[in-house]
Structures are given as C-alpha cells and as structure tokens.
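Chemist: For reference, this is structure33.txt, and it has compact mmCIF, C-alpha atoms.
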```
# COMPACT_ATOMS: atom_id res chain seq x y z
CA MET A 116 -4.89 -7.89 -2.09
CA LYS A 117 -4.82 -4.26 -3.19
CA THR A 118 -1.58 -3.27 -4.91
CA VAL A 119 0.31 -0.15 -5.95
CA ILE A 120 2.20 0.30 -9.21
CA LEU A 121 5.76 1.52 -8.75
CA ASN A 122 7.42 4.02 -11.08
CA ASN A 123 8.94 1.20 -13.14
CA LYS A 124 5.53 -0.55 -13.53
CA VAL A 125 6.30 -3.25 -10.93
CA GLU A 126 3.25 -4.22 -8.89
CA MET A 127 3.67 -4.19 -5.09
CA PRO A 128 1.14 -5.28 -2.43
CA ILE A 129 -0.02 -2.32 -0.35
CA LEU A 130 -0.01 -4.45 2.81
CA GLY A 131 2.79 -6.74 3.87
CA PHE A 132 4.46 -8.38 6.83
CA GLY A 133 7.52 -6.91 8.57
CA VAL A 134 10.01 -8.88 10.65
CA TYR A 135 11.86 -6.13 12.51
CA GLN A 136 12.70 -7.16 16.09
CA ILE A 137 12.18 -10.88 15.48
CA PRO A 138 15.82 -12.02 15.67
CA ASP A 139 15.06 -15.50 16.99
CA PRO A 140 15.22 -17.72 13.87
CA ILE A 141 12.59 -20.22 15.00
CA GLN A 142 10.13 -17.52 16.02
CA CYS A 143 10.78 -15.52 12.85
CA GLU A 144 10.33 -18.50 10.54
CA GLN A 145 7.09 -19.41 12.31
CA ALA A 146 5.74 -15.85 12.11
CA VAL A 147 6.53 -15.56 8.39
CA SER A 148 4.99 -18.98 7.76
CA GLU A 149 1.80 -17.90 9.52
CA ALA A 150 1.76 -14.62 7.61
CA LEU A 151 2.08 -16.39 4.27
CA ALA A 152 -0.67 -18.82 5.27
CA ALA A 153 -2.88 -15.85 6.20
CA GLY A 154 -2.48 -14.36 2.72
CA TYR A 155 0.43 -11.92 3.00
CA ARG A 156 2.63 -11.88 -0.07
CA LEU A 157 4.92 -8.93 0.74
CA ILE A 158 7.61 -9.81 3.30
CA ASP A 159 9.96 -7.07 4.51
CA THR A 160 13.29 -7.89 6.16
CA ALA A 161 16.81 -6.39 6.31
CA ALA A 162 20.39 -7.49 6.74
CA ALA A 163 20.44 -5.58 10.03
CA TYR A 164 17.48 -7.58 11.37
CA CYS A 165 19.66 -10.71 11.37
CA ASN A 166 16.76 -12.91 10.23
CA GLU A 167 17.05 -13.13 6.43
CA GLU A 168 17.85 -16.83 6.62
CA ALA A 169 14.73 -17.52 8.70
CA VAL A 170 12.63 -15.58 6.19
CA GLY A 171 14.13 -17.60 3.36
CA ASN A 172 13.38 -20.86 5.13
CA ALA A 173 9.73 -19.89 5.56
CA ILE A 174 9.46 -18.91 1.91
CA ARG A 175 10.87 -22.23 0.71
CA LYS A 176 8.66 -24.28 3.00
CA SER A 177 5.50 -22.35 2.07
CA GLY A 178 5.18 -23.94 -1.35
CA ILE A 179 4.01 -20.59 -2.74
CA ARG A 180 5.25 -19.81 -6.25
CA ARG A 181 8.10 -17.31 -6.19
CA GLU A 182 6.38 -15.00 -8.67
CA GLU A 183 3.47 -14.58 -6.25
CA LEU A 184 5.76 -13.15 -3.57
CA PHE A 185 7.25 -9.69 -3.12
CA ILE A 186 10.40 -9.85 -0.98
CA THR A 187 12.21 -6.78 0.35
CA THR A 188 15.54 -6.55 2.14
CA LYS A 189 17.87 -3.67 2.98
CA LEU A 190 21.50 -2.57 2.85
CA TRP A 191 22.98 -1.45 6.17
CA VAL A 192 25.32 1.53 6.69
CA GLN A 193 28.43 -0.62 7.26
CA ASP A 194 28.02 -1.97 3.72
CA GLN A 195 27.58 1.37 1.94
CA GLY A 196 29.71 2.02 -1.14
CA TYR A 197 29.87 0.46 -4.58
CA GLU A 198 31.95 -2.66 -3.94
CA ALA A 199 30.65 -3.28 -0.43
CA ALA A 200 27.03 -2.96 -1.55
CA ARG A 201 27.43 -5.57 -4.29
CA LYS A 202 29.03 -7.97 -1.80
CA ALA A 203 26.33 -7.30 0.80
CA PHE A 204 23.61 -7.94 -1.77
CA ASP A 205 25.14 -11.31 -2.63
CA LYS A 206 25.27 -12.24 1.06
CA SER A 207 21.63 -11.27 1.57
CA MET A 208 20.60 -13.35 -1.43
CA GLN A 209 22.52 -16.33 -0.09
CA ARG A 210 20.81 -16.04 3.29
CA LEU A 211 17.39 -15.62 1.69
CA GLY A 212 18.05 -18.43 -0.79
CA LEU A 213 16.58 -16.43 -3.67
CA ASP A 214 17.72 -15.97 -7.24
CA TYR A 215 16.21 -12.48 -7.54
CA LEU A 216 14.88 -9.82 -5.18
CA ASP A 217 11.75 -7.73 -5.61
CA LEU A 218 12.90 -4.63 -3.72
CA TYR A 219 16.29 -3.60 -2.32
CA LEU A 220 16.46 -0.55 -0.08
CA ILE A 221 19.26 1.60 1.33
CA HIS A 222 18.44 1.32 5.03
CA GLN A 223 19.79 4.66 6.26
CA PRO A 224 20.78 7.96 4.58
CA PHE A 225 24.36 7.79 5.88
CA GLY A 226 27.69 6.69 4.49
CA ASP A 227 28.48 6.40 0.78
CA TYR A 228 24.91 5.85 -0.34
CA TYR A 229 25.71 7.32 -3.76
CA GLY A 230 28.23 4.55 -4.33
CA SER A 231 25.66 2.04 -3.10
CA TRP A 232 23.07 3.47 -5.46
CA ARG A 233 25.38 2.97 -8.46
CA ALA A 234 25.79 -0.67 -7.47
CA MET A 235 22.05 -1.07 -7.00
CA GLU A 236 21.36 0.52 -10.39
CA GLU A 237 23.65 -2.06 -11.98
CA LEU A 238 22.02 -4.95 -10.09
CA TYR A 239 18.63 -3.63 -11.21
CA LYS A 240 19.70 -3.38 -14.86
CA GLU A 241 21.21 -6.87 -14.66
CA GLY A 242 17.84 -8.25 -13.58
CA HIS A 243 18.82 -9.29 -10.06
CA ILE A 244 16.42 -6.78 -8.48
CA ARG A 245 12.98 -5.75 -9.73
CA ALA A 246 12.99 -2.36 -7.97
CA ILE A 247 15.36 -0.28 -5.83
CA GLY A 248 14.67 2.36 -3.23
CA VAL A 249 15.60 3.93 0.09
CA CYS A 250 14.55 4.22 3.72
CA ASN A 251 14.51 7.20 6.07
CA PHE A 252 15.35 9.80 3.41
CA TYR A 253 13.96 13.25 4.21
CA PRO A 254 12.68 15.21 1.20
CA ASP A 255 15.90 17.15 0.59
CA ARG A 256 18.09 14.04 0.35
CA LEU A 257 15.44 12.17 -1.61
CA VAL A 258 15.12 14.94 -4.21
CA ASP A 259 18.90 15.15 -4.50
CA LEU A 260 19.09 11.41 -5.17
CA CYS A 261 16.26 11.61 -7.71
CA LEU A 262 17.84 14.48 -9.63
CA HIS A 263 21.35 13.12 -9.94
CA ASN A 264 20.88 9.46 -10.82
CA GLU A 265 19.58 7.55 -13.80
CA VAL A 266 17.16 5.41 -11.79
CA THR A 267 14.69 7.18 -9.52
CA PRO A 268 14.01 5.39 -6.22
CA ALA A 269 10.83 3.34 -6.47
CA VAL A 270 10.12 3.46 -2.72
CA ASN A 271 10.97 5.54 0.33
CA GLN A 272 10.20 3.66 3.55
CA ILE A 273 9.87 6.12 6.45
CA GLU A 274 8.37 6.35 9.93
CA THR A 275 4.68 7.03 9.31
CA HIS A 276 1.79 6.66 11.76
CA PRO A 277 -1.16 8.74 13.04
CA LEU A 278 1.09 10.85 15.28
CA PHE A 279 3.71 11.49 12.56
CA GLN A 280 1.87 11.49 9.25
CA ARG A 281 4.54 12.80 6.85
CA VAL A 282 2.08 14.70 4.66
CA GLU A 283 4.67 17.03 3.14
CA ASP A 284 7.06 14.12 2.59
CA GLN A 285 4.35 12.26 0.71
CA GLU A 286 3.67 15.28 -1.49
CA VAL A 287 7.34 15.37 -2.50
CA MET A 288 7.34 11.63 -3.15
CA GLN A 289 4.27 11.92 -5.34
CA LYS A 290 5.91 14.72 -7.33
CA TYR A 291 8.92 12.53 -8.08
CA GLY A 292 7.03 9.25 -8.51
CA VAL A 293 8.35 7.60 -5.35
CA GLN A 294 6.05 5.24 -3.45
CA HIS A 295 5.54 6.10 0.23
CA GLU A 296 5.96 3.11 2.57
CA SER A 297 5.42 3.17 6.32
CA TRP A 298 7.49 1.66 9.09
CA ALA A 299 6.21 1.71 12.69
CA SER A 300 2.63 2.04 11.45
CA PHE A 301 1.42 1.63 15.04
CA ALA A 302 4.26 3.77 16.46
CA GLU A 303 5.25 0.55 18.27
CA GLY A 304 2.63 1.52 20.82
CA ARG A 305 4.32 4.79 21.71
CA GLY A 306 2.25 7.87 22.42
CA SER A 307 -0.48 5.60 23.88
CA MET A 308 -1.34 4.68 20.31
CA PHE A 309 -3.38 1.59 21.15
CA SER A 310 -5.47 3.41 23.75
CA ASN A 311 -6.12 6.52 21.68
CA GLU A 312 -9.77 7.42 22.26
CA ILE A 313 -10.36 8.86 18.79
CA VAL A 314 -9.00 5.80 16.99
CA ALA A 315 -10.77 3.44 19.38
CA ALA A 316 -14.09 5.20 18.76
CA ILE A 317 -13.64 4.91 15.01
CA GLY A 318 -12.84 1.23 15.44
CA LYS A 319 -15.98 0.68 17.48
CA LYS A 320 -18.04 2.28 14.71
CA TYR A 321 -16.79 -0.26 12.16
CA GLY A 322 -16.33 -3.20 14.50
CA LYS A 323 -12.57 -3.09 14.00
CA SER A 324 -9.51 -2.83 16.24
CA VAL A 325 -7.28 0.22 16.64
CA ALA A 326 -4.62 -1.54 14.56
CA GLN A 327 -7.08 -2.26 11.74
CA VAL A 328 -8.26 1.37 11.68
CA ILE A 329 -4.67 2.61 11.42
CA LEU A 330 -3.84 0.23 8.60
CA ARG A 331 -7.01 1.15 6.76
CA TRP A 332 -6.19 4.85 7.14
CA LEU A 333 -2.72 4.29 5.69
CA ILE A 334 -4.07 2.21 2.82
CA GLN A 335 -6.60 4.92 1.94
CA ARG A 336 -3.68 7.37 1.81
CA GLU A 337 -2.05 4.98 -0.72
CA ILE A 338 0.79 4.21 1.71
CA VAL A 339 2.29 0.73 1.77
CA CYS A 340 2.38 -0.69 5.31
CA ILE A 341 4.21 -3.68 6.80
CA PRO A 342 2.84 -4.42 10.31
CA LYS A 343 4.73 -6.93 12.41
CA SER A 344 3.45 -9.41 14.99
CA VAL A 345 4.49 -12.80 16.31
CA HIS A 346 0.94 -13.63 17.40
CA LYS A 347 -1.09 -15.69 14.93
CA GLU A 348 -4.41 -14.00 15.68
CA ARG A 349 -2.96 -10.50 15.28
CA ILE A 350 -1.25 -11.52 12.07
CA LYS A 351 -4.66 -12.55 10.74
CA GLU A 352 -6.34 -9.46 12.16
CA ASN A 353 -3.90 -7.08 10.48
CA ILE A 354 -4.67 -8.39 7.01
CA ALA A 355 -8.44 -8.24 7.54
CA VAL A 356 -8.71 -4.59 6.51
CA PHE A 357 -10.13 -4.82 2.99
CA ASP A 358 -13.77 -5.32 3.97
CA PHE A 359 -14.41 -1.76 5.17
CA SER A 360 -13.47 1.84 4.37
CA LEU A 361 -13.17 4.92 6.56
CA ASP A 362 -15.53 7.68 5.52
CA THR A 363 -14.37 11.26 4.95
CA GLU A 364 -15.23 12.35 8.49
CA ASP A 365 -13.23 9.53 10.03
CA MET A 366 -10.26 10.16 7.74
CA GLU A 367 -10.29 13.79 8.89
CA LYS A 368 -10.40 12.67 12.53
CA MET A 369 -7.36 10.49 11.93
CA ASN A 370 -5.60 13.34 10.15
CA SER A 371 -6.19 15.59 13.17
CA LEU A 372 -3.88 13.42 15.30
CA ASP A 373 -0.71 14.53 13.53
CA THR A 374 1.95 16.07 15.78
CA SER A 375 4.51 16.36 12.95
CA THR A 376 7.10 14.95 15.33
CA SER A 377 9.02 11.67 15.22
CA LEU A 378 8.56 9.31 18.13
CA PHE A 379 11.84 7.57 17.34
CA MET A 380 14.64 9.67 15.87
CA ASN A 381 15.47 12.69 13.75
CA HIS A 382 17.79 11.64 10.93
CA ARG A 383 19.00 15.24 10.69
CA ASP A 384 20.36 15.09 14.25
CA PRO A 385 24.20 14.75 14.24
CA LYS A 386 23.99 12.33 17.17
CA VAL A 387 21.68 10.05 15.17
CA ALA A 388 24.08 10.18 12.23
CA GLU A 389 26.96 9.32 14.55
CA ASN A 390 25.13 6.47 16.28
CA LEU A 391 23.72 4.84 13.14
CA GLY A 392 26.90 5.46 11.20
CA THR A 393 28.93 3.38 13.65
CA LEU A 394 26.33 0.77 14.63
CA LYS A 395 27.36 -2.65 13.40
CA PHE A 396 25.46 -5.91 13.17
CA PRO A 397 26.77 -9.48 12.81
CA VAL A 398 25.74 -9.73 9.15
```
Now that the file is in, can you turn its structure into structure tokens?

Modeler:
Amino acid sequence: MKTVILNNKVEMPILGFGVYQIPDPIQCEQAVSEALAAGYRLIDTAAAYCNEEAVGNAIRKSGIRREELFITTKLWVQDQGYEAARKAFDKSMQRLGLDYLDLYLIHQPFGDYYGSWRAMEELYKEGHIRAIGVCNFYPDRLVDLCLHNEVTPAVNQIETHPLFQRVEDQEVMQKYGVQHESWASFAEGRGSMFSNEIVAAIGKKYGKSVAQVILRWLIQREIVCIPKSVHKERIKENIAVFDFSLDTEDMEKMNSLDTSTSLFMNHRDPKVAENLGTLKFPV
C-alpha cells in the first residue's frame, strides 16, 4: 500500500475505507471486516456516522495487529469546545474499543472549533492521538487555524472528485504542510459520474472501471481517498488500483472535468452553517 507522510512524520495509507452512510451495525461490521480482509488498513469513521462501535468490533475480530491499522474518527459540531471535545473523544474511544487513535478530525468548521483544537492538541501531546486535523475547512479558515495554533493540522478532509477538484485548496495545503484527503471521491454518483464518457474511455484503455480510474487519478495527485461500499466485489475492486498509472494525457483529460463547484454544499453559505450547527446525532 502506498503511503503519505504527514507533517509530524506519521505514515498514513493513501487509500482507505470509509463508512459514511452505513449506520446498520451488522452491515457496517461486515463491510469493515471485508475491507480489512481485502487489504485496507485505513478505516475512516465519525461520531456522527453512528457506527464507531461496529467499526471497533470489526477491528477486534480481524486479528490484525493494532500498529498495522490507521483509524480515523471525527468530532461533531454539538461537541465543539474544550471540555466537550475531551468528553466526546473519550466516548468515541470507548465505542471503538481502542487505547489510542491514529487521526482525530474536527468534522465541520462551525462552533467553538478553537476550543476543540486546544483539547485535541493536549490529547495529541499526551499520546492519545497520533495526528490531528480538520474536515471541510476552506483555505481562509485553514490558514487562520495554522497560523494561530502550536500544532498545524496534519490533514484537511474535503469534498474532492473529478467535478470539484480543489486545485487551489490543495496548493494552500501544500504550502502549510497539510495533507489533502478526499471525501465523496465518486461524487456519490452525482453529476452522472459513473457514466461519464471521458472517464469511461480512460477506464477502457487500462481495463479498469470508472471508480478505479478516479481513485488512481486522486492517488497520482497525492490525495488520500476513502471510498465506501457495502458490496464485497466493489470493496476489492477499489483497492486494486496500484497495478496501473494514468499517463500525462489521461491525467489532463481528468483535470479538464473540473467545474469548480460543489455538488453537495457550500460551507460559506449561512444556511449550511445554520443547518449543520444545529444538526444533532444520537452519539
């Protein structure tokens, strides 16, 4: 498995398995078990996904040594702030059944994320977390966080796919030593992603699926990706992307698909801030 080196020298797999929208505990545990059996070692969950316990069960039953795994979870908006963040971290660790976490992320750029960051810095220094980072931070908020805290975020996980490529965001991240990570690598099928003629033609050239071409394109951009599936064959297919490379012409064709527009939400929209800032989960 190809890896990236984070700004604190921690090694992170460039391809992992995400469990967003798998709330059913039996289905989630099965999917994670199949992913681990297929060779995935990075598993990405969140308190808001309501499946941390299922992820933890799959990890324990896998028999894989803990040091071989890279486990990520996230802090939701309702738990922002210094005291609340420390309590939320403890709850996540209890559900996961782990004694340390590889990566802890602030899930949304709303609420008292500065207070949360102070708590996360302490947890990091205490050895409970190997790396800390954020999700959905646009460049302005990310730079502000980098400049005014002792620990620079190791990762920024943001919507990134062929139709919303985040080139300028990645340039800022590279300047500040923050690793770019993608969510919704396939745009969840929006924008007719799986029937895109350009991507399909590239896939035909290499004997690969549209999903495999997209993942390969992200990997060649040095972007960590965490595709999700509950289907065993697709789980295996998504990790089979290290036996080919896109040539320069095909990378340029993929780059030409960028619309520079989110297919999900604009975190600078006041309505998004209002909705996410009041959305609660049973965590």

Chemist: What is the distance between CA of Ser231 (chain A) and CA of Asn172 (chain A), in Å to one decimal?

Modeler: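 Calculated distance between CA of Ser231 (chain A) and CA of Asn172 (chain A) is 27.3 Å.
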
Chemist: Sort by chain and increasing residue number a table of all residues of region 283-319 of chain A within 8 Å of region 335-358 of chain A, each with its closest pair of atoms and their distance in Å to one decimal, counting all atoms listed in the file, and write it as a Markdown table.

Modeler:
```
| residue | atom | partner | partner_atom | distance |
| --- | --- | --- | --- | --- |
| A:Gln294 | CA | A:Ile338 | CA | 7.4 |
| A:His295 | CA | A:Ile338 | CA | 5.3 |
| A:Glu296 | CA | A:Val339 | CA | 4.4 |
| A:Ser297 | CA | A:Cys340 | CA | 5.0 |
| A:Trp298 | CA | A:Ile341 | CA | 6.7 |
| A:Ala299 | CA | A:Pro342 | CA | 7.4 |
| A:Ser300 | CA | A:Pro342 | CA | 6.6 |
| A:Phe301 | CA | A:Pro342 | CA | 7.8 |
```

Chemist: Counting only C-alpha atoms, which residue out of A:Ala152, A:Ala246, A:Val314, A:Ala203 sits closest to Leu372 (chain A)?

Modeler: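 Of A:Ala152, A:Ala246, A:Val314, A:Ala203, the one nearest Leu372 (chain A), counting only C-alpha atoms, is A:Val314.
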
Chemist: Determine the axis-aligned bounding box of all atoms of region 177-187 of chain A present in the file, pad each side by 4 Å, and express its centre and edge lengths in Å to one decimal place as AutoDock Vina command-line options.

Modeler:
```
--center_x 7.8 --center_y -15.4 --center_z -3.3 --size_x 16.7 --size_y 25.2 --size_z 18.7
```

Chemist: Using only C-alpha atoms, find each residue in region 270-336 of chain A having at least one atom no more than 10 Å away from region 219-225 of chain A; report its shortest atom-to-atom pair and that distance in Å (one decimal), rows by chain then rising number, as JSON lines.

Modeler:
```
{"residue": "A:Val270", "atom": "CA", "partner": "A:Leu220", "partner_atom": "CA", "distance": 8.0}
{"residue": "A:Asn271", "atom": "CA", "partner": "A:Leu220", "partner_atom": "CA", "distance": 8.2}
{"residue": "A:Gln272", "atom": "CA", "partner": "A:Leu220", "partner_atom": "CA", "distance": 8.4}
{"residue": "A:Ile273", "atom": "CA", "partner": "A:His222", "partner_atom": "CA", "distance": 9.9}
```

Chemist: Report the distance between CA of Met235 (chain A) and CA of Ile247 (chain A) in Å, rounded to one decimal place.

Modeler: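 These atoms are spaced 6.8 Å apart.
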
Chemist: Ranking A:Met208, A:Pro128, A:Leu151, A:Cys165 by minimum distance to Arg180 (chain A) and counting all atoms listed in the file, which one comes first?

Modeler: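 Result for the nearest residue to Arg180 (chain A): A:Leu151.
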
Chemist: Using only C-alpha atoms, what residues lie at most 12 Å away from (0.3, 21.1, 14.2) (file coordinates), given as JSON, numbers by chain?

Modeler: {"A": [278, 279, 280, 281, 282, 370, 371, 372, 373, 374, 375, 376]}

Chemist: Compare A:Leu157, A:Ile186, A:Ile141, A:Ala316 by their minimum atom-to-atom distance to Lys117 (chain A), counting all atoms listed in the file, and give me the closest one.

Modeler: A:Leu157

Chemist: Skipping near chain neighbours, those fewer than 6 positions away, what residues fall within 9 Å of Ala173 (chain A) using all atoms listed in the file, listed as a list in words?

Modeler: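 Near neighbours after the sequence-gap exclusion: Cys143, Glu144, Gln145, Ala146, Val147, Ser148 and Leu151 of chain A.
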
Chemist: List the residues sitting within 10 Å of (16.0, -18.2, 5.6) in the file's frame, using only C-alpha atoms, as number ranges by chain.

Modeler: A: 140, 143-144, 166-176, 207-213

Chemist: Quick one, how far is CA of Thr187 (chain A) from CA of Met308 (chain A)?

Modeler: 26.7 Å

Chemist: Neighbouring residues of Trp332 (chain A) were defined as those with any atom within 9 Å, considering only C-alpha atoms; residues of the same chain fewer than 5 positions away were excluded. Please report them as a ChimeraX atom specification.

Modeler: /A:277,327,337-338,360-361,365-366,369

Chemist: Can you tell me which residues surround Leu394 (chain A) at a distance of at most 12 Å, considering only C-alpha atoms, apart from same-chain residues fewer than 3 positions away, and format the answer as an MDAnalysis selection string?

Modeler: chainID A and resid 163 191:194 223 225:226 387:391 397:398

Chemist: Tell me which of A:Tyr291, A:Phe396, A:Phe132, A:Tyr197 sits closest to Glu236 (chain A), counting all atoms listed in the file.

Modeler: A:Tyr197

Chemist: Given the choices A:Asp227, A:Val325, A:Tyr164, A:Ser377, which gets closest to Asp139 (chain A) if the distance is worked out from all atoms listed in the file?

Modeler: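 The shortest atom-to-atom distance to Asp139 (chain A) comes from A:Tyr164.
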
Chemist: Identify which of the residues A:Lys206, A:Lys395, A:Arg245, A:His276 lies closest to Leu333 (chain A), counting only C-alpha atoms when measuring atom-to-atom distances.

Modeler: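 Of the candidates, the smallest distance to Leu333 (chain A) is held by A:His276.
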